[in-house]
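Novice: The structure's right below; bear with me while I get my questions together.
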Amino acid sequence: MDYIPHITLVLYLVGLLALGILGLVKGRQAKHAEADYYLASRGQGVLTTSLTIMATYFSGFAILTFPGWVYGDGVPPMFYALNLPVAAAAIYLLGNPIRRIGRKRGYITPADMIADYYGDSQFIRGMVAFLGALYVIPYVVMQVKAGGILAQGLFPDVASVTLLGQELTMENAGVGALSLVTMIYVIVGGMRSVAWTDVLQGLLLLSAMLLSGVVVMHALGGPSGYFQEVSKLDGQLLTMPDAPAKFNAWHAVTFCAFASLASIVQPAQWMRFYAARDSATLRRTAITFSTVLPICFIFGVFLVGLGGRALYPMLADGSLPEGLSNPDQIVVRVILDLFPELLGIVGVILVSLILVAVMAASMSTADSNLHALSAVATRDVYHQLRPKARERERTWFGRAVIVVATLAAAGITYGGSGTNLLDTIAAFFFLAMAFSAQLLPITIDLLFLRRGTKVGAVAGLVAGMIIVFLFPPLGTLLFGEDSALVSGTGKLKALLDVGFCGMVVNTIVFIVVSRFTTQPDAAHREAFAQDLKNQPQQNEDLPIFKQ
Amino acid sequence: MTQPPSDSLRPLRIRLTVVFLLALLLGPGVGAHLAGGDPENVRFLFGVPALYIWLVFSCLVMTSCILIAARTLWKDED
């Protein structure tokens, strides 16, 4: 029985590598190396698209942090789940036109499309790529770090070893193993391997979320016993707080409306829209996303957080009970205690599966972002510097980016613990969605309005980014904790989502500057609008976007 | 843009948009304050905290809007 976690983990990792190799084999028949490596030849079906979008949407946050919030603050944080239907609607309403014109014009990265519409400006391409990198890089580093912490949780009793004079903990070994496996399958199979492994990881994650809720409810005597225990909790946990308290209504509404959209227009998701086979795929993905994910949250991990508060009440002074050093550990604590007790050997196997699922959540986010980073670096930077580079050369450059980024992420995690570098990356991670949200005004403009200008788009992006930099934790790093500016933005942050604040300024600047500068010419706008509407012919030999 | 729905579907599109946005705004907003009560007088419905039921209801409304739109307004093009 002691070896069950080891066997589960090894089977999982071998499964990932096998899917990576399958992706490589399948990709060898492709006509266009770059479109195949980055977009799986634009042929992803419903199952793959749904699960890769869901797995990329959620990191370890879904199964650790979110229930941790519920454990600490009760029902109010659960309202953040209303971001899911908003994201689901955006998958079709934004994703389908992006897919359509991406296929027609051969786009691969978000910047391909944005730079093409606003007039092939290197500057706007660079800005979009930079915003993408601000989202992607902190995510890769933090997910690699999370993978190591989870490995430590899975094998808490494994002692450290000394290798070449360096002490290696289980966390270090976890970071190394997970980085290596992720790097290998992303390199060999590109988007196809990433998406196929996301299917496995997504299924594990969703099952774990739902199953853990069911078991907690069962442990507390079924639905009636569960809610009887919950009803004894402090009234603060069962009612909505007034602003500016944490999880107040204003923050919840702006988060649900805009953070979800920010996650949908980040580079990895944007590329998944290009990769979808057809409109039916995205329509069915929106349906799946809007039904499956809310069920897994509202009837799954949320109930673990709330039931966990009944099972492991906080102490009278507000501190955490024994066995919990952080609210994020509540799911792991509950399953470790309840599953083996209630389900015996099956419970032990399920515990291992769920802990691997938590790891899968981190890996599925890390792999998608690594892959997107490779695309952005290749298409938006390398190809601009070496326009004559052939497709195969660019694809190999992209693979080299993955190796360097993975090694850098693992190195920073290993050597940077407690240093300024890791703290700075963590600060960027907390504002990653706020940066990504700055792409929304230009995305809406080029998909639906087409009234903005290149200068307006750049000015809006710069203004939005500056606003995000003023908020903590980045503002604190830049201006210090005592700054009046940071104190002001800190108060605003408690009331409104940071991305929303940046986006309001971004939109105003975009509109005002566009009013006084020159639009792309009418014929170009008309051609773009036509391509947004028209369907490519069946079996059309897809063009490769030229700059 | 997505294929525009025919004129006969325009009222449905508007209604779905309004209901979706209302659920998004009222869900965590005024509705949650009214449904949940206050900390000294927490509301329950069939033994379940009313705030949790309100969350389920808000999510159900938003998801239903998407399901209806997906079946009626969002046409497969390829």
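If you're wondering about the labels, chains in the structure tokens are A, B, ... by order shown, residues count from 1 in each chain, ligands from 1 in order shown.
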Could you give me, as a PyMOL selection string, the residues within 8 Å of Tyr37 (chain A), counting only C-alpha atoms and dropping anything in the same chain fewer than 2 positions from it?
Specialist: chain A and resi 27+33-35+39-41+189-192+395
Novice: Could the residues of chain A within 6 Å of chain B, counting only C-alpha atoms, be given as a list in words, please?
Specialist: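 Filtering chain A at 6 Å from chain B with only C-alpha atoms gives Phe79, Pro85, Pro97, Phe227, Gly235, Gln236, Thr239, Met240, Ala249, Ser279, Ala280, Ser290, Leu532 and Lys533 of chain A.
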Novice: Selection from above, N, CA and C atoms, as a PDB file, in the first residue's frame, can you write it?
Specialist:
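Saved result, part_16.pdb, follows:
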```pdb
ATOM      1  N   PHE A  79     -18.971  33.093  -5.172  1.00  0.00           N
ATOM      2  CA  PHE A  79     -19.583  33.871  -6.258  1.00  0.00           C
ATOM      3  C   PHE A  79     -18.595  34.156  -7.386  1.00  0.00           C
ATOM      4  N   PRO A  85     -19.541  31.061 -16.548  1.00  0.00           N
ATOM      5  CA  PRO A  85     -20.435  31.265 -17.689  1.00  0.00           C
ATOM      6  C   PRO A  85     -19.987  32.426 -18.584  1.00  0.00           C
ATOM      7  N   PRO A  97     -14.963  34.054 -34.108  1.00  0.00           N
ATOM      8  CA  PRO A  97     -14.393  34.936 -35.141  1.00  0.00           C
ATOM      9  C   PRO A  97     -12.864  34.898 -35.185  1.00  0.00           C
ATOM     10  N   PHE A 227     -25.344  20.105   5.554  1.00  0.00           N
ATOM     11  CA  PHE A 227     -25.821  21.484   5.703  1.00  0.00           C
ATOM     12  C   PHE A 227     -26.198  21.792   7.162  1.00  0.00           C
ATOM     13  N   GLY A 235     -22.153  33.413  11.171  1.00  0.00           N
ATOM     14  CA  GLY A 235     -22.989  34.092  10.179  1.00  0.00           C
ATOM     15  C   GLY A 235     -22.203  34.876   9.138  1.00  0.00           C
ATOM     16  N   GLN A 236     -20.997  35.361   9.513  1.00  0.00           N
ATOM     17  CA  GLN A 236     -20.158  36.108   8.561  1.00  0.00           C
ATOM     18  C   GLN A 236     -19.819  35.252   7.347  1.00  0.00           C
ATOM     19  N   THR A 239     -23.052  35.013   4.743  1.00  0.00           N
ATOM     20  CA  THR A 239     -23.701  36.219   4.202  1.00  0.00           C
ATOM     21  C   THR A 239     -22.674  37.034   3.421  1.00  0.00           C
ATOM     22  N   MET A 240     -23.180  37.904   2.552  1.00  0.00           N
ATOM     23  CA  MET A 240     -22.294  38.697   1.678  1.00  0.00           C
ATOM     24  C   MET A 240     -21.737  39.893   2.454  1.00  0.00           C
ATOM     25  N   ALA A 249     -19.206  42.514  -3.108  1.00  0.00           N
ATOM     26  CA  ALA A 249     -19.952  42.381  -4.359  1.00  0.00           C
ATOM     27  C   ALA A 249     -19.285  43.105  -5.530  1.00  0.00           C
ATOM     28  N   SER A 279     -16.624  25.831 -36.215  1.00  0.00           N
ATOM     29  CA  SER A 279     -17.440  26.597 -35.269  1.00  0.00           C
ATOM     30  C   SER A 279     -18.204  25.667 -34.320  1.00  0.00           C
ATOM     31  N   ALA A 280     -18.602  24.495 -34.821  1.00  0.00           N
ATOM     32  CA  ALA A 280     -19.335  23.550 -33.960  1.00  0.00           C
ATOM     33  C   ALA A 280     -18.471  23.143 -32.768  1.00  0.00           C
ATOM     34  N   SER A 290     -19.563  25.705 -19.780  1.00  0.00           N
ATOM     35  CA  SER A 290     -20.556  26.390 -18.939  1.00  0.00           C
ATOM     36  C   SER A 290     -21.331  25.433 -18.039  1.00  0.00           C
ATOM     37  N   LEU A 532     -13.541  38.120 -41.607  1.00  0.00           N
ATOM     38  CA  LEU A 532     -14.124  37.726 -40.317  1.00  0.00           C
ATOM     39  C   LEU A 532     -15.457  37.010 -40.539  1.00  0.00           C
ATOM     40  N   LYS A 533     -16.128  37.358 -41.656  1.00  0.00           N
ATOM     41  CA  LYS A 533     -17.444  36.758 -41.922  1.00  0.00           C
ATOM     42  C   LYS A 533     -17.342  35.499 -42.769  1.00  0.00           C
TER      43      LYS A 533
END
```
Novice: Return the single residue from A:Arg390, A:Tyr117, A:Ala377, A:Gly308 that is closest to Asp445 (chain A), with distances computed using only C-alpha atoms.
Specialist: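 For Asp445 (chain A), the nearest of the given residues is A:Tyr117.
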Novice: For Leu373 (chain A), which residue out of A:Val513, A:Val404, A:Leu315, A:Ala252 is the nearest one, using only C-alpha atoms?
Specialist: A:Val404
Novice: Need the shell around Val381 (chain A): protein/DNA/RNA residues with any atom at most 10 Å away, counting only C-alpha atoms. Skip same-chain ones fewer than 5 positions apart. Format as a list of chain:residue names?
Specialist: A:Gln122, A:Arg125, A:Gly126, A:Ala129, A:Ala375, A:Val376, A:Arg386, A:Pro387
Novice: Since we have the selection now, will you write its residues out, keeping C-alpha atoms, as an mmCIF file, in the first residue's frame?
Specialist:
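For reference, result-v6.cif as written:
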```cif
data_model
loop_
_atom_site.group_PDB
_atom_site.id
_atom_site.type_symbol
_atom_site.label_atom_id
_atom_site.label_comp_id
_atom_site.auth_asym_id
_atom_site.auth_seq_id
_atom_site.Cartn_x
_atom_site.Cartn_y
_atom_site.Cartn_z
ATOM 1 C CA GLN A 122 6.486 46.135 -35.346
ATOM 2 C CA ARG A 125 3.382 43.438 -32.393
ATOM 3 C CA GLY A 126 6.107 43.924 -29.798
ATOM 4 C CA ALA A 129 4.033 39.986 -27.454
ATOM 5 C CA ALA A 375 5.122 30.638 -30.350
ATOM 6 C CA VAL A 376 5.352 34.270 -29.239
ATOM 7 C CA ARG A 386 15.126 36.876 -39.405
ATOM 8 C CA PRO A 387 12.270 37.227 -41.882
#
```
Novice: CA of Leu94 (chain A) to CA of Arg451 (chain A): how many Å, to one decimal?
Specialist: 17.4 Å
Novice: Could you name the residues that touch Ser59 (chain A) at 10 Å or less, counting only C-alpha atoms, but leaving out those on the same chain fewer than 3 positions away, as a ChimeraX atom specification?
Specialist: /A:54-56,62-65,139,142-143,146,205,358-366
Novice: Per DSSP on the backbone, filter chain B down to the residues in helix (DSSP H, G or I) and report them as a VMD selection string.
Specialist: chain B and resid 7 to 26 30 to 36 50 to 72
Novice: Do you know which residues are at most 10 Å from Gln269 (chain A) counting only C-alpha atoms, after dropping those on the same chain fewer than 6 positions away, and could you put them as a list in words?
Specialist: Thr49, Thr52, Ile53, Met54, Thr56, Tyr57, Ile91, Gly95, Pro110, Ser263, Ala275, Ser368, Asn369 and Ala372 of chain A
Novice: Can you pull out every residue within 6 Å of region 8-21 of chain A, counting only C-alpha atoms, but drop anything in the same chain fewer than 6 positions away, and send it as a VMD selection string?
Specialist: chain A and resid 185 189 193 197
Novice: Include C-alpha atoms and write out the residues we just selected as a compact mmCIF listing (two decimals), in the first residue's frame.
Specialist:
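Once written, out16.txt looks like this:
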```txt
# COMPACT_ATOMS: atom_id res chain seq x y z
CA TYR A 185 6.31 16.25 -24.37
CA GLY A 189 4.62 17.00 -30.07
CA SER A 193 0.83 16.67 -27.33
CA THR A 197 -2.03 15.53 -22.24
```
Novice: Just list as a PDB file with C-alpha atoms, in the first residue's frame whatever in region 5-59 of chain B DSSP marks as strand (DSSP E).
Specialist:
```pdb
ATOM      1  CA  GLY B  37     -29.553  38.222   5.146  1.00  0.00           C
ATOM      2  CA  ASP B  38     -27.099  39.612   7.674  1.00  0.00           C
ATOM      3  CA  ASN B  41     -29.915  36.800  10.981  1.00  0.00           C
ATOM      4  CA  VAL B  42     -28.700  34.333   8.359  1.00  0.00           C
ATOM      5  CA  PHE B  44     -31.872  29.425   5.224  1.00  0.00           C
ATOM      6  CA  LEU B  45     -34.031  27.657   2.668  1.00  0.00           C
ATOM      7  CA  VAL B  48     -29.422  25.238   3.211  1.00  0.00           C
ATOM      8  CA  PRO B  49     -27.851  28.730   3.501  1.00  0.00           C
TER       9      PRO B  49
END
```
